[in-house]
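Trainee: Following this message is one structure expressed as C-alpha cells.
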Amino acid sequence: MARKPKEDKEELLMHLLTVRVTGTTLKRLEKLLAESNCRSIGEVARKLLNRERINCFYRDASMSGPMEELALIRKELKSIGININQQTRYFNAVKSAAEKSFHFDRTMALCLKLDGKIERLFSVISRLAERWLPRS
C-alpha cells in the first residue's frame, strides 16, 4: 500500500544535497542519531539545518539493576498469584474436610512465599525512594 501523497508540494524532499564531513562530525551526527528519535543521519542533518528541535532520549544505566529486579519480582508475584487462584479453585471444588485441609495448607504455604517476595519488593522500592525522592 503506497503512502498518501502530500498536498503541499513545497514540503516534498525533491532536491539532493551532497555534503562531505570529517570523521569527528560524522561521529557526532551518529551519536545524535542514536540518542534521538530520528531515523537517519539525513533527518538529523535536515533538522539541524532547519533549526528544528531534536528530541534526545537518555537512559540512566544505574537504574538497570533495580528495574531488572523489579521485573523479576513482578513475574514471581504473578506466578504465585496464579498458583493461589488454582489452589482456591481446588479448595472450593472438593467436598471432604481432609481435602479442604490439604488445599488450605498448600495455599498458606504459597501465601508465606508471597510474603517474602513482597518484603523484597518493599526493600527495592525503599532503596529507589532514598535515591530519587527529595530528603525532607
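Residues are referred to by chain and number: the chain letter is A, B, ... according to the order shown in the C-alpha cells, the number counts from 1 in that chain, and ligands are numbered separately from 1 in the order shown.
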Could you list, as a list in words, every residue within 10 Å of segment 98-107 of chain A, counting only C-alpha atoms and ignoring same-chain residues fewer than 3 positions away?
Mentor: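 Selected residues are Ile80, Asn83, Ile84, Asn85, Gln86, Gln87, Thr88, Arg89, Tyr90, Phe91, Asn92, Ala93, Val94, Lys95, Leu110, Cys111, Leu112 and Lys113 of chain A.
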Trainee: Would you save the residues of that selection, restricted to N, CA and C atoms, as a compact mmCIF listing (two decimals), in the first residue's frame?
Mentor:
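Everything below was put into part34.txt:
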```txt
# COMPACT_ATOMS: atom_id res chain seq x y z
N ILE A 80 2.94 -16.73 41.58
CA ILE A 80 2.41 -17.14 42.88
C ILE A 80 0.92 -16.86 42.94
N ASN A 83 -0.93 -19.53 41.14
CA ASN A 83 -0.98 -20.75 41.96
C ASN A 83 -2.00 -20.65 43.08
N ILE A 84 -2.09 -19.49 43.72
CA ILE A 84 -3.08 -19.30 44.79
C ILE A 84 -4.49 -19.40 44.22
N ASN A 85 -4.72 -18.83 43.05
CA ASN A 85 -6.04 -18.93 42.43
C ASN A 85 -6.40 -20.38 42.12
N GLN A 86 -5.44 -21.17 41.65
CA GLN A 86 -5.70 -22.58 41.37
C GLN A 86 -6.02 -23.34 42.64
N GLN A 87 -5.24 -23.10 43.70
CA GLN A 87 -5.49 -23.78 44.97
C GLN A 87 -6.86 -23.40 45.53
N THR A 88 -7.26 -22.15 45.37
CA THR A 88 -8.58 -21.71 45.84
C THR A 88 -9.68 -22.41 45.06
N ARG A 89 -9.49 -22.55 43.76
CA ARG A 89 -10.47 -23.26 42.95
C ARG A 89 -10.58 -24.72 43.39
N TYR A 90 -9.44 -25.37 43.63
CA TYR A 90 -9.46 -26.76 44.10
C TYR A 90 -10.14 -26.85 45.47
N PHE A 91 -9.85 -25.89 46.34
CA PHE A 91 -10.44 -25.88 47.68
C PHE A 91 -11.96 -25.79 47.59
N ASN A 92 -12.47 -24.94 46.72
CA ASN A 92 -13.92 -24.77 46.59
C ASN A 92 -14.58 -25.94 45.86
N ALA A 93 -13.81 -26.71 45.10
CA ALA A 93 -14.39 -27.81 44.33
C ALA A 93 -14.57 -29.09 45.15
N VAL A 94 -13.73 -29.29 46.16
CA VAL A 94 -13.78 -30.54 46.92
C VAL A 94 -14.82 -30.45 48.03
N LYS A 95 -15.28 -31.63 48.47
CA LYS A 95 -16.32 -31.68 49.49
C LYS A 95 -15.80 -32.15 50.86
N LEU A 110 1.87 -21.02 49.96
CA LEU A 110 2.05 -20.05 48.88
C LEU A 110 1.95 -18.61 49.40
N CYS A 111 1.05 -18.39 50.35
CA CYS A 111 0.90 -17.05 50.92
C CYS A 111 2.16 -16.65 51.70
N LEU A 112 2.78 -17.60 52.39
CA LEU A 112 4.02 -17.30 53.10
C LEU A 112 5.14 -16.97 52.10
N LYS A 113 5.17 -17.67 51.00
CA LYS A 113 6.14 -17.39 49.95
C LYS A 113 5.89 -16.00 49.37
```
Trainee: Could you please write out, as a ChimeraX atom specification, every residue of segment 9-120 of chain A that DSSP assigns to helix (DSSP H, G or I)?
Mentor: /A:9-11,23-35,41-49,61-93,97-120
Trainee: Which residue gives the smallest distance to Ala34 of chain A among A:Ala2, A:Trp132, A:Gly65, A:Cys56, with only C-alpha atoms counted?
Mentor: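 Nearest to Ala34 of chain A: A:Cys56.
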Trainee: Would you please work out which residue, of A:Val124, A:Ile41, A:Leu133, A:Leu70, is nearest to Lys27 of chain A when using only C-alpha atoms?
Mentor: A:Ile41
